[in-house]
file work-v7.cif (mmCIF, C-alpha atoms)
data_upload
loop_
_atom_site.label_atom_id
_atom_site.label_comp_id
_atom_site.auth_asym_id
_atom_site.auth_seq_id
_atom_site.Cartn_x
_atom_site.Cartn_y
_atom_site.Cartn_z
CA LYS Y 25 111.32 105.68 104.17
CA ASN Y 26 108.60 103.60 102.53
CA GLU Y 27 109.28 99.94 101.94
CA VAL Y 28 108.29 100.40 98.29
CA GLU Y 29 109.36 103.48 96.37
CA GLN Y 30 108.31 104.31 92.84
CA SER Y 31 109.76 106.82 90.45
CA PRO Y 32 108.79 109.05 88.90
CA GLN Y 33 105.62 110.02 90.75
CA ASN Y 34 104.28 111.74 87.66
CA LEU Y 35 105.24 111.23 84.05
CA THR Y 36 103.93 112.99 80.96
CA ALA Y 37 105.02 111.87 77.53
CA GLN Y 38 104.02 112.05 73.88
CA GLU Y 39 102.31 109.24 72.08
CA GLY Y 40 104.82 106.74 70.76
CA GLU Y 41 107.46 107.32 73.41
CA PHE Y 42 109.12 104.51 75.34
CA ILE Y 43 108.10 104.67 78.97
CA THR Y 44 109.95 103.35 82.02
CA ILE Y 45 108.58 103.31 85.56
CA ASN Y 46 110.83 102.16 88.38
CA CYS Y 47 110.15 100.42 91.66
CA SER Y 48 112.64 99.87 94.47
CA TYR Y 49 111.91 97.95 97.63
CA SER Y 50 113.79 97.40 100.85
CA VAL Y 51 112.57 93.99 102.06
CA GLY Y 52 113.00 90.45 100.85
CA ILE Y 53 110.06 89.50 98.69
CA SER Y 54 108.37 86.43 97.32
CA ALA Y 55 106.63 88.28 94.50
CA LEU Y 56 106.22 91.72 92.97
CA HIS Y 57 103.07 92.92 91.24
CA TRP Y 58 102.56 95.69 88.71
CA LEU Y 59 99.02 97.06 88.75
CA GLN Y 60 97.23 99.55 86.53
CA GLN Y 61 94.48 101.83 87.80
CA HIS Y 62 92.46 103.87 85.33
CA PRO Y 63 90.65 107.09 86.26
CA GLY Y 64 87.44 105.11 86.79
CA GLY Y 65 89.16 103.37 89.67
CA GLY Y 66 89.27 99.71 88.73
CA ILE Y 67 92.57 97.95 89.19
CA VAL Y 68 94.02 95.53 86.67
CA SER Y 69 96.85 93.20 87.57
CA LEU Y 70 99.45 93.53 84.79
CA PHE Y 71 102.24 91.28 85.97
CA MET Y 72 103.34 89.15 88.86
CA LEU Y 73 107.10 88.58 88.98
CA SER Y 74 109.44 86.67 91.20
CA SER Y 75 112.43 86.73 88.86
CA GLY Y 76 113.56 87.70 85.38
CA LYS Y 77 111.32 89.33 82.84
CA LYS Y 78 107.79 89.08 81.52
CA LYS Y 79 106.22 90.55 78.39
CA HIS Y 80 102.61 91.08 77.47
CA GLY Y 81 101.89 93.01 74.32
CA ARG Y 82 103.58 96.40 74.60
CA LEU Y 83 104.29 95.97 78.29
CA ILE Y 84 107.50 94.53 79.69
CA ALA Y 85 108.31 94.01 83.35
CA THR Y 86 111.72 93.14 84.74
CA ILE Y 87 112.96 92.42 88.21
CA ASN Y 88 116.44 92.24 89.74
CA ILE Y 89 116.14 90.43 93.05
CA GLN Y 90 119.72 91.20 94.12
CA GLU Y 91 119.27 94.92 93.56
CA LYS Y 92 115.70 94.91 94.89
CA HIS Y 93 114.49 96.76 91.83
CA SER Y 94 111.85 96.32 89.17
CA SER Y 95 110.96 98.27 86.07
CA LEU Y 96 107.83 98.48 83.98
CA HIS Y 97 108.32 99.47 80.36
CA ILE Y 98 105.72 100.52 77.83
CA THR Y 99 106.73 100.53 74.18
CA ALA Y 100 104.98 102.68 71.57
CA SER Y 101 102.91 104.40 74.27
CA HIS Y 102 99.35 105.42 73.51
CA PRO Y 103 96.91 107.82 75.21
CA ARG Y 104 94.92 104.84 76.45
CA ASP Y 105 97.97 103.86 78.54
CA SER Y 106 97.30 106.93 80.68
CA ALA Y 107 96.68 105.58 84.16
CA VAL Y 108 98.26 105.19 87.57
CA TYR Y 109 100.75 102.33 87.71
CA ILE Y 110 101.30 100.75 91.09
CA CYS Y 111 104.08 98.47 92.25
CA ALA Y 112 103.27 96.12 95.12
CA VAL Y 113 105.39 93.50 96.86
CA ARG Y 114 104.64 90.46 98.97
CA GLY Y 115 107.08 89.66 101.77
CA LEU Y 116 109.13 86.52 102.23
CA ILE Y 117 107.74 85.53 105.60
CA GLN Y 118 106.09 82.13 105.44
CA GLY Y 119 102.40 82.65 104.89
CA ALA Y 120 102.81 86.37 104.21
CA GLN Y 121 99.56 87.53 102.72
CA LYS Y 122 99.73 91.29 102.63
CA LEU Y 123 100.85 93.33 99.69
CA VAL Y 124 102.85 96.47 100.39
CA PHE Y 125 102.07 99.15 97.82
CA GLY Y 126 104.13 101.89 96.28
CA GLN Y 127 102.61 105.33 96.03
CA GLY Y 128 101.92 104.93 92.33
CA THR Y 129 103.14 106.64 89.18
CA ARG Y 130 100.65 108.78 87.32
CA LEU Y 131 101.29 108.43 83.59
CA THR Y 132 99.79 110.78 81.03
CA ILE Y 133 100.32 110.12 77.34
CA ASN Y 134 99.43 113.04 75.11
CA PRO Y 135 98.33 112.47 71.52
CA GLY D 2 92.83 85.98 83.83
CA ALA D 3 90.69 85.36 86.84
CA VAL D 4 87.79 87.76 87.42
CA VAL D 5 86.72 89.43 90.61
CA SER D 6 83.48 91.37 90.65
CA GLN D 7 82.08 93.88 93.09
CA HIS D 8 78.54 95.04 93.61
CA PRO D 9 77.45 97.73 93.60
CA SER D 10 79.95 99.73 91.59
CA TRP D 11 78.74 102.89 93.27
CA VAL D 12 76.34 103.74 96.05
CA ILE D 13 75.02 106.93 97.61
CA CYS D 14 73.42 106.68 101.02
CA LYS D 15 72.24 108.84 103.86
CA SER D 16 74.26 109.26 107.01
CA GLY D 17 73.37 106.62 109.59
CA THR D 18 72.41 103.89 107.16
CA SER D 19 74.34 100.70 106.54
CA VAL D 20 75.74 99.69 103.19
CA LYS D 21 76.75 96.21 102.05
CA ILE D 22 79.34 95.66 99.34
CA GLU D 23 79.75 92.24 97.75
CA CYS D 24 82.94 90.80 96.34
CA ARG D 25 82.81 87.66 94.23
CA SER D 26 85.46 85.55 92.56
CA LEU D 27 83.72 84.48 89.39
CA ASP D 28 85.77 81.60 88.06
CA PHE D 29 88.00 80.48 90.88
CA GLN D 30 87.95 79.64 94.56
CA ALA D 31 89.46 82.28 96.79
CA THR D 32 90.52 81.14 100.22
CA THR D 33 91.61 84.66 101.05
CA MET D 34 90.03 87.99 100.20
CA PHE D 35 91.32 91.42 101.03
CA TRP D 36 89.43 94.66 101.51
CA TYR D 37 91.13 97.94 100.71
CA ARG D 38 90.15 101.55 101.02
CA GLN D 39 91.50 104.26 98.76
CA PHE D 40 91.29 108.01 99.26
CA PRO D 41 91.68 110.36 96.29
CA LYS D 42 95.19 110.35 94.84
CA GLN D 43 96.43 107.96 97.49
CA SER D 44 97.46 104.35 97.33
CA LEU D 45 95.42 101.43 98.58
CA MET D 46 95.14 100.97 102.31
CA LEU D 47 94.50 97.44 103.54
CA MET D 48 91.53 97.31 105.88
CA ALA D 49 91.23 93.61 106.58
CA THR D 50 92.13 90.13 105.43
CA SER D 51 89.31 87.65 105.20
CA ASN D 52 89.74 83.89 105.17
CA GLU D 53 86.81 81.69 104.24
CA GLY D 54 84.97 80.37 107.24
CA SER D 55 86.90 82.35 109.84
CA LYS D 56 86.85 85.81 111.32
CA ALA D 57 88.52 88.59 109.41
CA THR D 58 91.84 90.02 110.54
CA TYR D 59 91.62 93.79 110.74
CA GLU D 60 94.49 96.20 110.32
CA GLN D 61 95.38 98.54 113.13
CA GLY D 62 93.05 101.49 113.30
CA VAL D 63 90.19 99.83 111.39
CA GLU D 64 87.06 99.43 113.52
CA LYS D 65 85.77 95.90 113.16
CA ASP D 66 82.33 96.86 114.47
CA LYS D 67 82.07 99.58 111.86
CA PHE D 68 83.33 97.56 108.92
CA LEU D 69 81.77 94.10 109.17
CA ILE D 70 83.34 91.48 106.94
CA ASN D 71 81.81 88.13 106.18
CA HIS D 72 83.49 85.48 104.05
CA ALA D 73 80.84 82.80 103.98
CA SER D 74 81.99 80.90 100.93
CA LEU D 75 85.03 80.43 98.72
CA THR D 76 83.58 82.81 96.15
CA LEU D 77 81.89 85.54 98.20
CA SER D 78 82.99 88.08 100.77
CA THR D 79 80.92 91.03 101.95
CA LEU D 80 81.88 94.31 103.58
CA THR D 81 79.16 96.13 105.49
CA VAL D 82 79.76 99.72 106.46
CA THR D 83 77.51 100.19 109.47
CA SER D 84 75.99 103.52 110.46
CA ALA D 85 77.84 105.23 107.64
CA HIS D 86 79.03 108.81 108.01
CA PRO D 87 80.39 111.25 105.43
CA GLU D 88 83.96 110.44 106.46
CA ASP D 89 83.35 106.86 105.33
CA SER D 90 82.95 108.11 101.78
CA SER D 91 85.72 106.44 99.84
CA PHE D 92 86.59 103.93 97.14
CA TYR D 93 86.50 100.38 98.45
CA ILE D 94 88.34 97.64 96.56
CA CYS D 95 88.37 93.94 97.20
CA SER D 96 90.96 91.47 96.05
CA ALA D 97 90.98 87.71 95.98
CA LYS D 98 93.85 85.29 96.13
CA LEU D 99 93.82 82.05 94.18
CA ALA D 100 93.85 79.04 96.43
CA GLU D 101 95.99 77.05 94.03
CA VAL D 102 98.63 79.66 93.28
CA TYR D 103 100.20 81.17 96.37
CA ASN D 104 101.12 84.60 95.13
CA GLU D 105 98.47 85.29 92.50
CA GLN D 106 96.03 88.02 93.51
CA PHE D 107 93.27 89.66 91.49
CA PHE D 108 91.46 92.89 92.14
CA GLY D 109 87.83 93.86 91.85
CA PRO D 110 86.70 97.00 90.01
CA GLY D 111 85.95 98.86 93.23
CA THR D 112 82.88 100.42 94.83
CA ARG D 113 82.58 104.15 95.25
CA LEU D 114 80.66 104.98 98.42
CA THR D 115 79.29 108.46 98.99
CA VAL D 116 77.63 109.18 102.30
CA LEU D 117 75.49 112.31 102.39
#
call {"tool": "encode", "arguments": {"input": "work-v7.cif", "output": "C-alpha cells"}}
result
Amino acid sequence: KNEVEQSPQNLTAQEGEFITINCSYSVGISALHWLQQHPGGGIVSLFMLSSGKKKHGRLIATINIQEKHSSLHITASHPRDSAVYICAVRGLIQGAQKLVFGQGTRLTINP
Amino acid sequence: GAVVSQHPSWVICKSGTSVKIECRSLDFQATTMFWYRQFPKQSLMLMATSNEGSKATYEQGVEKDKFLINHASLTLSTLTVTSAHPEDSSFYICSAKLAEVYNEQFFGPGTRLTVL
C-alpha cells in the first residue's frame, strides 16, 4: 500500500461542476502539498497545508490531521483546470526533506 | 510565489554525449534543491537531494556517476547526465526549498530530455 493514496485516479466532468479530489496518507506529516501539472509538464504548487483550510480563487484545500486526509476542491470548473493534480506529503521526522507523492489524479473538464 | 527556472526546457542529444541541466531559484535562496525524474503518466521519482556546498544525496538505484549534481551556490544547481543513452530520455524536474520557511518547496518547469 502506498503511503499516499489519491482518488479518483481519473475524473471527467462538465464545465461548471464542483470537483473534489481526495488524498489519504498513512504517516505522520509536517505538511501536505497540492500540486498541479499541466500537459506541458511544468508543476505549479497550489497549496501547502499543515492544518485547516486554505482558499485561492476557485480552489479550496482542506486537511484533517486526525483522519490523515486532505481534499482539493475546484468550484465552477473550467476546461483550463484540466491537468494532473498531485498530493505530496512531508514526514514528521526532524529534518525530513523528502516529499512522498501520490500517483496523481487526471482531471478533464469538458466544455 | 517564488520562481524556479530550468534551462533548457527541452534538449535532444545523441547517444554517448553529456547533457547539463540548470536549475535556478530566481528570487530566493535555496539551501536545498531536489532533482526528480518523471516517466510518462507516472508520478515524480526523487533522484537526489542537493544541499549547497556539499555532496548530493542520491536515492537508492540512482547512479551518482551517471547523474552528476553540483550545487555551487544558493541559487544554482546543475544536473549533468553523462554518456546519455536512450533509456535516459525522460522529464527532469528540479525543486527548491526556501531557506527561511521549512516546508515551502517550489518546482521548476521541467526539462524534457530525448536521447537518440
call {"tool": "interface_residues", "arguments": {"input": "work-v7.cif", "of": "chain Y", "to": "chain D", "cutoff": "6 Å", "atoms": "all atoms listed in the file", "output": "list in words"}}
result
Gly66, Ile67 and Gln127 of chain Y
call {"tool": "write_last_selection", "arguments": {"input": "work-v7.cif", "atoms": "C-alpha atoms", "output": "short mmCIF file (atom, residue, chain, number, x, y, z; two decimals), in the frame of the given file"}}
result
data_model
loop_
_atom_site.label_atom_id
_atom_site.label_comp_id
_atom_site.auth_asym_id
_atom_site.auth_seq_id
_atom_site.Cartn_x
_atom_site.Cartn_y
_atom_site.Cartn_z
CA GLY Y 66 89.27 99.71 88.73
CA ILE Y 67 92.57 97.95 89.19
CA GLN Y 127 102.61 105.33 96.03
#
call {"tool": "resolve_selection", "arguments": {"input": "work-v7.cif", "expression": "the PyMOL selection byres ((chain Y and resi 85) around 12)", "output": "mmCIF file with C-alpha atoms, in the coordinates of the input"}}
result
data_model
loop_
_atom_site.group_PDB
_atom_site.id
_atom_site.type_symbol
_atom_site.label_atom_id
_atom_site.label_comp_id
_atom_site.auth_asym_id
_atom_site.auth_seq_id
_atom_site.Cartn_x
_atom_site.Cartn_y
_atom_site.Cartn_z
ATOM 1 C CA ILE Y 43 108.100 104.670 78.970
ATOM 2 C CA THR Y 44 109.950 103.350 82.020
ATOM 3 C CA ILE Y 45 108.580 103.310 85.560
ATOM 4 C CA ASN Y 46 110.830 102.160 88.380
ATOM 5 C CA CYS Y 47 110.150 100.420 91.660
ATOM 6 C CA LEU Y 56 106.220 91.720 92.970
ATOM 7 C CA HIS Y 57 103.070 92.920 91.240
ATOM 8 C CA TRP Y 58 102.560 95.690 88.710
ATOM 9 C CA LEU Y 59 99.020 97.060 88.750
ATOM 10 C CA LEU Y 70 99.450 93.530 84.790
ATOM 11 C CA PHE Y 71 102.240 91.280 85.970
ATOM 12 C CA MET Y 72 103.340 89.150 88.860
ATOM 13 C CA LEU Y 73 107.100 88.580 88.980
ATOM 14 C CA SER Y 74 109.440 86.670 91.200
ATOM 15 C CA SER Y 75 112.430 86.730 88.860
ATOM 16 C CA GLY Y 76 113.560 87.700 85.380
ATOM 17 C CA LYS Y 77 111.320 89.330 82.840
ATOM 18 C CA LYS Y 78 107.790 89.080 81.520
ATOM 19 C CA LYS Y 79 106.220 90.550 78.390
ATOM 20 C CA HIS Y 80 102.610 91.080 77.470
ATOM 21 C CA GLY Y 81 101.890 93.010 74.320
ATOM 22 C CA ARG Y 82 103.580 96.400 74.600
ATOM 23 C CA LEU Y 83 104.290 95.970 78.290
ATOM 24 C CA ILE Y 84 107.500 94.530 79.690
ATOM 25 C CA THR Y 86 111.720 93.140 84.740
ATOM 26 C CA ILE Y 87 112.960 92.420 88.210
ATOM 27 C CA ASN Y 88 116.440 92.240 89.740
ATOM 28 C CA HIS Y 93 114.490 96.760 91.830
ATOM 29 C CA SER Y 94 111.850 96.320 89.170
ATOM 30 C CA SER Y 95 110.960 98.270 86.070
ATOM 31 C CA LEU Y 96 107.830 98.480 83.980
ATOM 32 C CA HIS Y 97 108.320 99.470 80.360
ATOM 33 C CA ILE Y 98 105.720 100.520 77.830
ATOM 34 C CA THR Y 99 106.730 100.530 74.180
ATOM 35 C CA CYS Y 111 104.080 98.470 92.250
#
call {"tool": "atom_distance", "arguments": {"input": "work-v7.cif", "atom1": "atom CA of Gln60 of chain Y", "atom2": "atom CA of Thr36 of chain Y"}}
result
16.0 Å
call {"tool": "resolve_selection", "arguments": {"input": "work-v7.cif", "expression": "the PyMOL selection byres ((chain D and resi 88) around 12)", "output": "ChimeraX atom specification"}}
result
/D:16-17,40,82,84-87,89-92,114-117
call {"tool": "write_last_selection", "arguments": {"input": "work-v7.cif", "atoms": "C-alpha atoms", "output": "compact mmCIF listing (two decimals), in the frame of the given file"}}
result
# COMPACT_ATOMS: atom_id res chain seq x y z
CA SER D 16 74.26 109.26 107.01
CA GLY D 17 73.37 106.62 109.59
CA PHE D 40 91.29 108.01 99.26
CA VAL D 82 79.76 99.72 106.46
CA SER D 84 75.99 103.52 110.46
CA ALA D 85 77.84 105.23 107.64
CA HIS D 86 79.03 108.81 108.01
CA PRO D 87 80.39 111.25 105.43
CA ASP D 89 83.35 106.86 105.33
CA SER D 90 82.95 108.11 101.78
CA SER D 91 85.72 106.44 99.84
CA PHE D 92 86.59 103.93 97.14
CA LEU D 114 80.66 104.98 98.42
CA THR D 115 79.29 108.46 98.99
CA VAL D 116 77.63 109.18 102.30
CA LEU D 117 75.49 112.31 102.39
call {"tool": "closest_residue", "arguments": {"input": "work-v7.cif", "among": "D:Thr76, D:Phe68, D:Val5, D:Thr32", "to": "Ser55 of chain D", "atoms": "all atoms listed in the file"}}
result
D:Thr32
call {"tool": "residues_around", "arguments": {"input": "work-v7.cif", "residues": "Arg104 of chain Y", "least_positions_apart": "5", "cutoff": "10 Å", "atoms": "all atoms listed in the file", "output": "number ranges by chain"}}
result
Y: 39, 62, 132-135
call {"tool": "atom_distance", "arguments": {"input": "work-v7.cif", "atom1": "atom CA of Val68 of chain Y", "atom2": "atom CA of Ser6 of chain D"}}
result
12.0 Å
call {"tool": "atom_distance", "arguments": {"input": "work-v7.cif", "atom1": "atom CA of Val63 of chain D", "atom2": "atom CA of Met48 of chain D"}}
result
6.2 Å
call {"tool": "resolve_selection", "arguments": {"input": "work-v7.cif", "expression": "the PyMOL selection byres ((chain D and resi 71) around 8)", "output": "ChimeraX atom specification"}}
result
/D:51,56-57,69-70,72-73,78-80
call {"tool": "write_last_selection", "arguments": {"input": "work-v7.cif", "atoms": "C-alpha atoms", "output": "JSON list (two decimals), in the coordinates of the input"}}
result
[["chain", "number", "residue", "atom", "x", "y", "z"],
["D", 51, "SER", "CA", 89.31, 87.65, 105.20],
["D", 56, "LYS", "CA", 86.85, 85.81, 111.32],
["D", 57, "ALA", "CA", 88.52, 88.59, 109.41],
["D", 69, "LEU", "CA", 81.77, 94.10, 109.17],
["D", 70, "ILE", "CA", 83.34, 91.48, 106.94],
["D", 72, "HIS", "CA", 83.49, 85.48, 104.05],
["D", 73, "ALA", "CA", 80.84, 82.80, 103.98],
["D", 78, "SER", "CA", 82.99, 88.08, 100.77],
["D", 79, "THR", "CA", 80.92, 91.03, 101.95],
["D", 80, "LEU", "CA", 81.88, 94.31, 103.58]]
call {"tool": "axis_aligned_box", "arguments": {"input": "work-v7.cif", "around": "segment 77-85 of chain D", "padding_each_side": "4 Å", "output": "AutoDock Vina command-line options"}}
result
--center_x 79.5 --center_y 95.4 --center_z 104.3 --size_x 15.0 --size_y 27.7 --size_z 20.3
call {"tool": "closest_residue", "arguments": {"input": "work-v7.cif", "among": "Y:Ser106, Y:Ser48, Y:Thr129, Y:Asn34", "to": "Gly64 of chain Y", "atoms": "only C-alpha atoms"}}
result
Y:Ser106
